[in-house]
Amino acid sequence: MAHLTVLRSYAQRGRPETLPASILFNHTETCLTVYDAFPKAIFHFLVLPRIRPPLDAEELTNLRTLLKSDKKRARAVLKELSNEAEGVKKMIQEEMLSRYGFQWEIWMGFHPVPSMQHLHLHILSSDLCSEKLKNKKHYNSFHPALGFFLHLSDVLSWFEADPSFFEMKSQLKARDYEPFLKDDLACWKCGRAMKNMPALKAHLQTEWRDEARKEKARIARKRKFEESQPSSSPGDGEERAALSADGPAKP
């Protein structure tokens with residue numbers, strides 16, 4: 001069962017840079033980002049908080065254990081994960097443009113009932129096109145609106161809510177979330193019901209290809225429009241700025 005604690009072993013390393021390049025994507029003093037070993041989308045990473053005083057392994061077992069610990073410290077950990085995730089997101093967006101010529105949605109969130117020990121934040125692209133996406137449980141665990149995937153922004157908002165609401169949300173009881181994994185298959189984007197995983201995966205691939213085609217066409221139209229505009233002459237910038245600031249000149 002060593003695979004259940006492999007993330008913890010990464011987080012305990014004093015020198016994350018010694019991890020193989022096939023595992024480590026990025027690291028900072030407080031976090032490290034690794035490639036998901038079984039990616040459920042074209043881009044899929046995990047951001048882990050590093051184990052360091054005053055944080056211990058038990059406190060960082062999962063989101064529930066973190067939220068049950070010191071509230072101020074828990075919020076600080078999540079903010080560190082958020083900061084790292086935003087940097088990773090930007091790198092993914094650059095790679096999207098470089099490899100595919102357009103950008104699409106990127107999700108960041110947690111599983112309330114994770115399959116592995118040690119807190120980890122998922123960062124994945126919304127295409128959900130992957131040979132590793134094999135069954136209903138896999139898909140429903142990342143469906144952005146079903147309820148099992150807890151968006152980072154939502155979890156952070158719990159800290160701003162009434163203490164009783166925070167206490168209720170931080171329970172993260174398995175019986176409240178695991179039923180979502182058994183929901184019927186449906187496309188997260190258009191809502192269409194799917195009879196099985198092969199049908200869903202084919203549909204998701206088509207959805208992504210259609211999005212790629214439309215977005216590339218939009219980018220091409222924008223570029224063509226910009227190229228068709230006359231070049232600005234010296235002083236035009238100052239004139240436009242003045243008009244913007246003071247309104248059109250009066251006759």
# chains A, B, ... in the order shown; residues from 1 in each chain; ligands from 1
call {"tool": "residues_around", "arguments": {"residues": "Lys40 (chain A)", "least_positions_apart": "5", "cutoff": "12 Å", "atoms": "only C-alpha atoms", "output": "ChimeraX atom specification"}}
result
/A:35,45-46,107,122-135,137-143,201
call {"tool": "residues_around", "arguments": {"residues": "region 80-82 of chain A", "least_positions_apart": "3", "cutoff": "9 Å", "atoms": "only C-alpha atoms", "output": "JSON, numbers by chain"}}
result
{"A": [30, 31, 32, 47, 48, 49, 75, 76, 77, 85, 86, 87, 108, 120, 121, 152, 153]}
call {"tool": "closest_residue", "arguments": {"among": "A:Tyr10, A:Phe102, A:Trp158, A:Phe149", "to": "Ala57 (chain A)", "atoms": "only C-alpha atoms"}}
result
A:Tyr10
call {"tool": "residues_around", "arguments": {"residues": "region 98-100 of chain A", "least_positions_apart": "3", "cutoff": "12 Å", "atoms": "only C-alpha atoms", "output": "list in words"}}
result
Ile42, Phe43, Met91, Ile92, Gln93, Glu94, Glu95, Gln103, Trp104, Trp208, Arg209, Glu211, Ala212, Arg213, Glu215 and Lys216 of chain A
call {"tool": "write_last_selection", "arguments": {"atoms": "N, CA and C atoms", "output": "short mmCIF file (atom, residue, chain, number, x, y, z; two decimals), in the first residue's frame"}}
result
data_model
loop_
_atom_site.label_atom_id
_atom_site.label_comp_id
_atom_site.auth_asym_id
_atom_site.auth_seq_id
_atom_site.Cartn_x
_atom_site.Cartn_y
_atom_site.Cartn_z
N ILE A 42 -5.57 16.56 -20.31
CA ILE A 42 -4.32 16.83 -21.02
C ILE A 42 -3.28 17.40 -20.07
N PHE A 43 -3.70 18.30 -19.19
CA PHE A 43 -2.83 18.87 -18.16
C PHE A 43 -3.39 18.50 -16.80
N MET A 91 1.74 28.86 -16.29
CA MET A 91 2.62 28.03 -17.10
C MET A 91 1.82 27.10 -18.00
N ILE A 92 0.72 26.57 -17.48
CA ILE A 92 -0.15 25.71 -18.29
C ILE A 92 -0.74 26.50 -19.45
N GLN A 93 -1.19 27.71 -19.16
CA GLN A 93 -1.79 28.55 -20.21
C GLN A 93 -0.79 28.85 -21.32
N GLU A 94 0.46 29.11 -20.94
CA GLU A 94 1.49 29.35 -21.94
C GLU A 94 1.72 28.11 -22.79
N GLU A 95 1.71 26.95 -22.14
CA GLU A 95 1.92 25.70 -22.87
C GLU A 95 0.72 25.40 -23.78
N GLN A 103 -6.36 28.69 -25.49
CA GLN A 103 -6.46 28.35 -24.08
C GLN A 103 -7.87 27.92 -23.74
N TRP A 104 -7.99 27.03 -22.77
CA TRP A 104 -9.31 26.64 -22.28
C TRP A 104 -9.27 26.58 -20.76
N TRP A 208 -14.17 19.23 -26.98
CA TRP A 208 -12.90 19.94 -26.92
C TRP A 208 -12.43 20.36 -28.31
N ARG A 209 -12.59 19.50 -29.29
CA ARG A 209 -12.19 19.83 -30.65
C ARG A 209 -13.03 20.99 -31.20
N GLU A 211 -14.43 23.32 -29.37
CA GLU A 211 -13.97 24.52 -28.67
C GLU A 211 -12.67 25.03 -29.30
N ALA A 212 -11.77 24.11 -29.63
CA ALA A 212 -10.51 24.49 -30.25
C ALA A 212 -10.75 25.19 -31.59
N ARG A 213 -11.63 24.63 -32.39
CA ARG A 213 -11.92 25.22 -33.70
C ARG A 213 -12.51 26.61 -33.57
N GLU A 215 -12.37 28.71 -30.97
CA GLU A 215 -11.46 29.66 -30.34
C GLU A 215 -10.36 30.08 -31.31
N LYS A 216 -9.84 29.15 -32.08
CA LYS A 216 -8.81 29.49 -33.06
C LYS A 216 -9.38 30.42 -34.13
#
call {"tool": "select_by_dssp", "arguments": {"residues": "region 95-197 of chain A", "states": "helix (DSSP H, G or I)", "output": "JSON, numbers by chain"}}
result
{"A": [95, 96, 97, 98, 99, 100, 136, 137, 138, 139, 140, 141, 142, 152, 153, 154, 155, 156, 157, 158, 163, 164, 165, 166, 167, 168, 169, 174, 175, 176, 177, 178, 179, 180, 181, 182, 197]}
call {"tool": "residues_around", "arguments": {"residues": "Phe180 (chain A)", "least_positions_apart": "6", "cutoff": "7 Å", "atoms": "only C-alpha atoms", "output": "ChimeraX atom specification"}}
result
/A:140,146-148
call {"tool": "write_last_selection", "arguments": {"atoms": "N, CA, C and O atoms", "output": "short mmCIF file (atom, residue, chain, number, x, y, z; two decimals), in the first residue's frame"}}
result
data_model
loop_
_atom_site.label_atom_id
_atom_site.label_comp_id
_atom_site.auth_asym_id
_atom_site.auth_seq_id
_atom_site.Cartn_x
_atom_site.Cartn_y
_atom_site.Cartn_z
N ASN A 140 -16.85 11.53 -12.32
CA ASN A 140 -17.69 12.29 -11.39
C ASN A 140 -16.87 12.98 -10.30
O ASN A 140 -17.30 13.99 -9.74
N LEU A 146 -20.87 18.87 -9.88
CA LEU A 146 -21.59 17.77 -9.26
C LEU A 146 -21.58 17.86 -7.74
O LEU A 146 -22.58 17.54 -7.08
N GLY A 147 -20.45 18.27 -7.16
CA GLY A 147 -20.38 18.42 -5.71
C GLY A 147 -19.21 17.72 -5.06
O GLY A 147 -18.84 18.05 -3.92
N PHE A 148 -18.60 16.76 -5.74
CA PHE A 148 -17.46 16.05 -5.15
C PHE A 148 -16.18 16.85 -5.30
O PHE A 148 -15.32 16.83 -4.41
#
call {"tool": "residues_around", "arguments": {"residues": "Arg73 (chain A)", "least_positions_apart": "6", "cutoff": "10 Å", "atoms": "only C-alpha atoms", "output": "list in words"}}
result
Pro54, Leu55, Leu66, Leu67 and Lys79 of chain A
call {"tool": "write_last_selection", "arguments": {"atoms": "N, CA and C atoms", "output": "tab-separated table (two decimals), in the first residue's frame"}}
result
chain	number	residue	atom	x	y	z
A	54	PRO	N	5.60	24.68	11.76
A	54	PRO	CA	4.92	23.86	12.78
A	54	PRO	C	3.97	22.82	12.19
A	55	LEU	N	3.99	22.61	10.88
A	55	LEU	CA	3.10	21.65	10.24
A	55	LEU	C	3.67	20.24	10.37
A	66	LEU	N	-6.67	19.20	7.91
A	66	LEU	CA	-6.14	20.57	7.92
A	66	LEU	C	-7.18	21.52	8.50
A	67	LEU	N	-8.43	21.43	8.05
A	67	LEU	CA	-9.47	22.35	8.50
A	67	LEU	C	-9.83	22.13	9.97
A	79	LYS	N	-3.62	29.37	1.29
A	79	LYS	CA	-3.17	30.53	0.52
A	79	LYS	C	-1.84	30.24	-0.17
call {"tool": "atom_distance", "arguments": {"atom1": "CA of Asp184 (chain A)", "atom2": "CA of Leu204 (chain A)"}}
result
15.6 Å
call {"tool": "residues_around", "arguments": {"residues": "Asp56 (chain A)", "least_positions_apart": "6", "cutoff": "12 Å", "atoms": "only C-alpha atoms", "output": "list of chain:residue names"}}
result
A:Arg8, A:Ala11, A:Gln12, A:Pro49, A:Arg50, A:Asn62, A:Thr65, A:Leu66, A:Ser69, A:Arg73, A:His118, A:Leu119
call {"tool": "write_last_selection", "arguments": {"atoms": "all heavy atoms", "output": "mmCIF file, in the first residue's frame"}}
result
data_model
loop_
_atom_site.group_PDB
_atom_site.id
_atom_site.type_symbol
_atom_site.label_atom_id
_atom_site.label_comp_id
_atom_site.auth_asym_id
_atom_site.auth_seq_id
_atom_site.Cartn_x
_atom_site.Cartn_y
_atom_site.Cartn_z
ATOM 1 N N ARG A 8 3.058 11.853 0.539
ATOM 2 C CA ARG A 8 3.648 12.258 1.813
ATOM 3 C C ARG A 8 5.175 12.149 1.753
ATOM 4 O O ARG A 8 5.891 13.010 2.281
ATOM 5 C CB ARG A 8 3.105 11.402 2.952
ATOM 6 C CG ARG A 8 3.728 11.687 4.309
ATOM 7 C CD ARG A 8 3.077 10.897 5.408
ATOM 8 N NE ARG A 8 1.741 11.418 5.692
ATOM 9 C CZ ARG A 8 0.928 10.877 6.617
ATOM 10 N NH1 ARG A 8 1.318 9.827 7.311
ATOM 11 N NH2 ARG A 8 -0.263 11.402 6.820
ATOM 12 N N ALA A 11 6.482 15.174 0.056
ATOM 13 C CA ALA A 11 6.372 16.389 0.877
ATOM 14 C C ALA A 11 7.369 16.422 2.012
ATOM 15 O O ALA A 11 7.679 17.486 2.548
ATOM 16 C CB ALA A 11 4.951 16.509 1.426
ATOM 17 N N GLN A 12 7.890 15.259 2.409
ATOM 18 C CA GLN A 12 8.845 15.197 3.510
ATOM 19 C C GLN A 12 10.284 15.453 3.063
ATOM 20 O O GLN A 12 11.161 15.637 3.892
ATOM 21 C CB GLN A 12 8.765 13.814 4.174
ATOM 22 C CG GLN A 12 7.500 13.608 4.999
ATOM 23 C CD GLN A 12 7.398 12.186 5.537
ATOM 24 O OE1 GLN A 12 7.817 11.242 4.876
ATOM 25 N NE2 GLN A 12 6.839 12.047 6.734
ATOM 26 N N PRO A 49 1.526 20.769 0.038
ATOM 27 C CA PRO A 49 2.253 21.568 1.039
ATOM 28 C C PRO A 49 3.405 20.739 1.577
ATOM 29 O O PRO A 49 3.253 19.549 1.862
ATOM 30 C CB PRO A 49 1.191 21.830 2.112
ATOM 31 C CG PRO A 49 0.276 20.652 2.007
ATOM 32 C CD PRO A 49 0.250 20.265 0.550
ATOM 33 N N ARG A 50 4.563 21.348 1.691
ATOM 34 C CA ARG A 50 5.715 20.631 2.235
ATOM 35 C C ARG A 50 5.572 20.499 3.759
ATOM 36 O O ARG A 50 5.035 21.394 4.421
ATOM 37 C CB ARG A 50 7.008 21.357 1.870
ATOM 38 C CG ARG A 50 7.256 21.385 0.377
ATOM 39 C CD ARG A 50 8.479 22.191 0.006
ATOM 40 N NE ARG A 50 9.699 21.598 0.540
ATOM 41 C CZ ARG A 50 10.922 22.111 0.354
ATOM 42 N NH1 ARG A 50 11.059 23.232 -0.345
ATOM 43 N NH2 ARG A 50 11.975 21.512 0.863
ATOM 44 N N ASN A 62 -5.064 15.316 4.908
ATOM 45 C CA ASN A 62 -6.050 15.650 3.873
ATOM 46 C C ASN A 62 -6.689 16.991 4.224
ATOM 47 O O ASN A 62 -6.312 17.635 5.214
ATOM 48 C CB ASN A 62 -7.107 14.543 3.723
ATOM 49 C CG ASN A 62 -7.753 14.162 5.050
ATOM 50 O OD1 ASN A 62 -8.127 15.038 5.833
ATOM 51 N ND2 ASN A 62 -7.871 12.871 5.322
ATOM 52 N N THR A 65 -8.389 17.053 7.839
ATOM 53 C CA THR A 65 -7.488 17.177 8.991
ATOM 54 C C THR A 65 -6.897 18.581 9.067
ATOM 55 O O THR A 65 -6.666 19.103 10.156
ATOM 56 C CB THR A 65 -6.350 16.146 8.926
ATOM 57 O OG1 THR A 65 -5.604 16.325 7.702
ATOM 58 C CG2 THR A 65 -6.897 14.735 8.978
ATOM 59 N N LEU A 66 -6.669 19.197 7.915
ATOM 60 C CA LEU A 66 -6.145 20.566 7.924
ATOM 61 C C LEU A 66 -7.179 21.523 8.503
ATOM 62 O O LEU A 66 -6.860 22.353 9.369
ATOM 63 C CB LEU A 66 -5.777 21.004 6.511
ATOM 64 C CG LEU A 66 -5.292 22.458 6.394
ATOM 65 C CD1 LEU A 66 -3.931 22.616 7.068
ATOM 66 C CD2 LEU A 66 -5.232 22.901 4.934
ATOM 67 N N SER A 69 -7.601 21.557 12.232
ATOM 68 C CA SER A 69 -6.477 22.048 13.031
ATOM 69 C C SER A 69 -6.638 23.546 13.274
ATOM 70 O O SER A 69 -7.736 24.101 13.149
ATOM 71 C CB SER A 69 -5.159 21.753 12.308
ATOM 72 O OG SER A 69 -5.068 22.493 11.099
ATOM 73 N N ARG A 73 -3.708 28.801 10.756
ATOM 74 C CA ARG A 73 -2.640 28.088 10.068
ATOM 75 C C ARG A 73 -3.197 27.370 8.832
ATOM 76 O O ARG A 73 -2.541 27.323 7.794
ATOM 77 C CB ARG A 73 -1.983 27.092 11.022
ATOM 78 C CG ARG A 73 -0.717 26.479 10.467
ATOM 79 C CD ARG A 73 0.173 25.928 11.554
ATOM 80 N NE ARG A 73 -0.430 24.796 12.245
ATOM 81 C CZ ARG A 73 -0.622 24.755 13.558
ATOM 82 N NH1 ARG A 73 -0.266 25.785 14.313
ATOM 83 N NH2 ARG A 73 -1.156 23.692 14.127
ATOM 84 N N HIS A 118 -1.934 12.651 2.308
ATOM 85 C CA HIS A 118 -1.286 13.952 2.194
ATOM 86 C C HIS A 118 -2.124 14.877 1.315
ATOM 87 O O HIS A 118 -2.511 14.546 0.190
ATOM 88 C CB HIS A 118 0.140 13.897 1.659
ATOM 89 C CG HIS A 118 0.885 15.179 1.949
ATOM 90 N ND1 HIS A 118 1.317 15.510 3.213
ATOM 91 C CD2 HIS A 118 1.208 16.232 1.169
ATOM 92 C CE1 HIS A 118 1.917 16.681 3.190
ATOM 93 N NE2 HIS A 118 1.851 17.158 1.959
ATOM 94 N N LEU A 119 -2.392 16.025 1.891
ATOM 95 C CA LEU A 119 -3.181 17.050 1.233
ATOM 96 C C LEU A 119 -2.621 17.375 -0.149
ATOM 97 O O LEU A 119 -1.423 17.580 -0.308
ATOM 98 C CB LEU A 119 -3.181 18.318 2.100
ATOM 99 C CG LEU A 119 -3.919 19.541 1.545
ATOM 100 C CD1 LEU A 119 -5.414 19.278 1.492
ATOM 101 C CD2 LEU A 119 -3.621 20.757 2.416
#
call {"tool": "atom_distance", "arguments": {"atom1": "CA of Arg218 (chain A)", "atom2": "CA of Thr206 (chain A)"}}
result
18.3 Å
call {"tool": "atom_distance", "arguments": {"atom1": "CA of Ala174 (chain A)", "atom2": "CA of Pro112 (chain A)"}}
result
7.5 Å
call {"tool": "residues_around", "arguments": {"residues": "Lys68 (chain A)", "least_positions_apart": "2", "cutoff": "10 Å", "atoms": "only C-alpha atoms", "output": "PyMOL selection string"}}
result
chain A and resi 59+63-66+70-71+74+167+170-171
call {"tool": "closest_residue", "arguments": {"among": "A:Thr5, A:Trp188, A:Lys182, A:Gln205", "to": "Ala41 (chain A)", "atoms": "only C-alpha atoms"}}
result
A:Gln205
call {"tool": "select_by_dssp", "arguments": {"residues": "region 119-216 of chain A", "states": "strand (DSSP E or B)", "output": "ChimeraX atom specification"}}
result
/A:121-125,150-151,186,193
call {"tool": "write_last_selection", "arguments": {"atoms": "all heavy atoms", "output": "CSV table (one decimal), in the first residue's frame"}}
result
chain,number,residue,atom,x,y,z
A,121,LEU,N,-3.7,19.5,-3.9
A,121,LEU,CA,-4.6,20.4,-4.7
A,121,LEU,C,-4.5,20.0,-6.2
A,121,LEU,O,-3.4,20.0,-6.7
A,121,LEU,CB,-4.3,21.9,-4.5
A,121,LEU,CG,-5.0,22.9,-5.5
A,121,LEU,CD1,-6.4,22.9,-5.2
A,121,LEU,CD2,-4.3,24.2,-5.4
A,122,HIS,N,-5.6,19.6,-6.8
A,122,HIS,CA,-5.6,19.2,-8.2
A,122,HIS,C,-5.6,20.5,-9.1
A,122,HIS,O,-6.4,21.4,-8.8
A,122,HIS,CB,-6.8,18.4,-8.5
A,122,HIS,CG,-6.8,17.0,-8.0
A,122,HIS,ND1,-6.2,15.9,-8.6
A,122,HIS,CD2,-7.3,16.5,-6.8
A,122,HIS,CE1,-6.4,14.9,-7.9
A,122,HIS,NE2,-7.0,15.2,-6.8
A,123,ILE,N,-4.8,20.5,-10.1
A,123,ILE,CA,-4.9,21.5,-11.1
A,123,ILE,C,-5.0,20.8,-12.4
A,123,ILE,O,-4.1,20.0,-12.8
A,123,ILE,CB,-3.6,22.4,-11.2
A,123,ILE,CG1,-3.3,23.0,-9.8
A,123,ILE,CG2,-3.8,23.5,-12.2
A,123,ILE,CD1,-2.1,23.9,-9.8
A,124,LEU,N,-6.1,20.9,-13.1
A,124,LEU,CA,-6.3,20.2,-14.4
A,124,LEU,C,-7.1,21.0,-15.4
A,124,LEU,O,-7.9,21.8,-15.0
A,124,LEU,CB,-6.9,18.8,-14.1
A,124,LEU,CG,-8.4,18.7,-13.8
A,124,LEU,CD1,-8.9,17.3,-14.0
A,124,LEU,CD2,-8.8,19.2,-12.4
A,125,SER,N,-6.8,20.7,-16.6
A,125,SER,CA,-7.5,21.3,-17.7
A,125,SER,C,-8.9,20.7,-17.9
A,125,SER,O,-9.1,19.5,-17.6
A,125,SER,CB,-6.7,21.2,-19.0
A,125,SER,OG,-6.3,19.9,-19.3
A,150,LEU,N,-14.2,20.0,-4.9
A,150,LEU,CA,-14.4,21.2,-4.2
A,150,LEU,C,-13.4,22.3,-4.7
A,150,LEU,O,-12.2,22.2,-4.6
A,150,LEU,CB,-14.1,21.0,-2.7
A,150,LEU,CG,-14.9,19.9,-2.0
A,150,LEU,CD1,-14.4,19.7,-0.6
A,150,LEU,CD2,-16.4,20.2,-2.1
A,151,HIS,N,-13.9,23.3,-5.4
A,151,HIS,CA,-13.1,24.3,-6.0
A,151,HIS,C,-12.3,25.1,-4.9
A,151,HIS,O,-12.9,25.4,-3.9
A,151,HIS,CB,-14.0,25.3,-6.8
A,151,HIS,CG,-14.6,24.6,-8.0
A,151,HIS,ND1,-13.9,24.5,-9.2
A,151,HIS,CD2,-15.8,24.0,-8.2
A,151,HIS,CE1,-14.7,23.9,-10.1
A,151,HIS,NE2,-15.8,23.5,-9.5
A,186,ALA,N,-23.1,12.5,-17.2
A,186,ALA,CA,-23.6,13.6,-18.1
A,186,ALA,C,-22.4,14.5,-18.4
A,186,ALA,O,-21.5,14.7,-17.5
A,186,ALA,CB,-24.7,14.3,-17.3
A,193,ALA,N,-27.0,13.6,-21.2
A,193,ALA,CA,-26.8,12.3,-20.5
A,193,ALA,C,-26.0,11.3,-21.4
A,193,ALA,O,-26.2,11.3,-22.6
A,193,ALA,CB,-28.1,11.7,-20.2
call {"tool": "decode", "arguments": {"residues": "region 80-92 of chain A", "atoms": "N, CA, C and O atoms", "output": "compact mmCIF listing (two decimals), in the first residue's frame"}}
result
# COMPACT_ATOMS: atom_id res chain seq x y z
N GLU A 80 -0.97 29.51 0.51
CA GLU A 80 0.31 29.13 -0.11
C GLU A 80 0.06 28.21 -1.30
O GLU A 80 0.69 28.37 -2.35
N LEU A 81 -0.85 27.27 -1.14
CA LEU A 81 -1.21 26.39 -2.25
C LEU A 81 -1.80 27.19 -3.41
O LEU A 81 -1.51 26.94 -4.58
N SER A 82 -2.63 28.17 -3.06
CA SER A 82 -3.26 29.01 -4.07
C SER A 82 -2.23 29.81 -4.86
O SER A 82 -2.30 29.91 -6.09
N ASN A 83 -1.27 30.38 -4.14
CA ASN A 83 -0.23 31.17 -4.81
C ASN A 83 0.59 30.31 -5.77
O ASN A 83 0.89 30.71 -6.90
N GLU A 84 0.94 29.12 -5.31
CA GLU A 84 1.69 28.20 -6.17
C GLU A 84 0.84 27.78 -7.37
O GLU A 84 1.32 27.72 -8.51
N ALA A 85 -0.43 27.50 -7.12
CA ALA A 85 -1.33 27.05 -8.19
C ALA A 85 -1.51 28.11 -9.26
O ALA A 85 -1.59 27.79 -10.45
N GLU A 86 -1.56 29.38 -8.87
CA GLU A 86 -1.71 30.44 -9.86
C GLU A 86 -0.49 30.50 -10.78
O GLU A 86 -0.62 30.73 -11.98
N GLY A 87 0.69 30.28 -10.20
CA GLY A 87 1.89 30.25 -11.03
C GLY A 87 1.89 29.08 -11.99
O GLY A 87 2.25 29.21 -13.17
N VAL A 88 1.46 27.92 -11.50
CA VAL A 88 1.37 26.73 -12.35
C VAL A 88 0.33 26.95 -13.45
O VAL A 88 0.54 26.57 -14.61
N LYS A 89 -0.78 27.57 -13.09
CA LYS A 89 -1.83 27.84 -14.06
C LYS A 89 -1.31 28.69 -15.22
O LYS A 89 -1.62 28.43 -16.39
N LYS A 90 -0.52 29.70 -14.90
CA LYS A 90 0.04 30.55 -15.95
C LYS A 90 0.96 29.76 -16.87
O LYS A 90 0.96 29.95 -18.09
N MET A 91 1.74 28.86 -16.29
CA MET A 91 2.62 28.03 -17.10
C MET A 91 1.82 27.10 -18.00
O MET A 91 2.19 26.86 -19.16
N ILE A 92 0.72 26.57 -17.48
CA ILE A 92 -0.15 25.71 -18.29
C ILE A 92 -0.74 26.50 -19.45
O ILE A 92 -0.78 26.04 -20.60
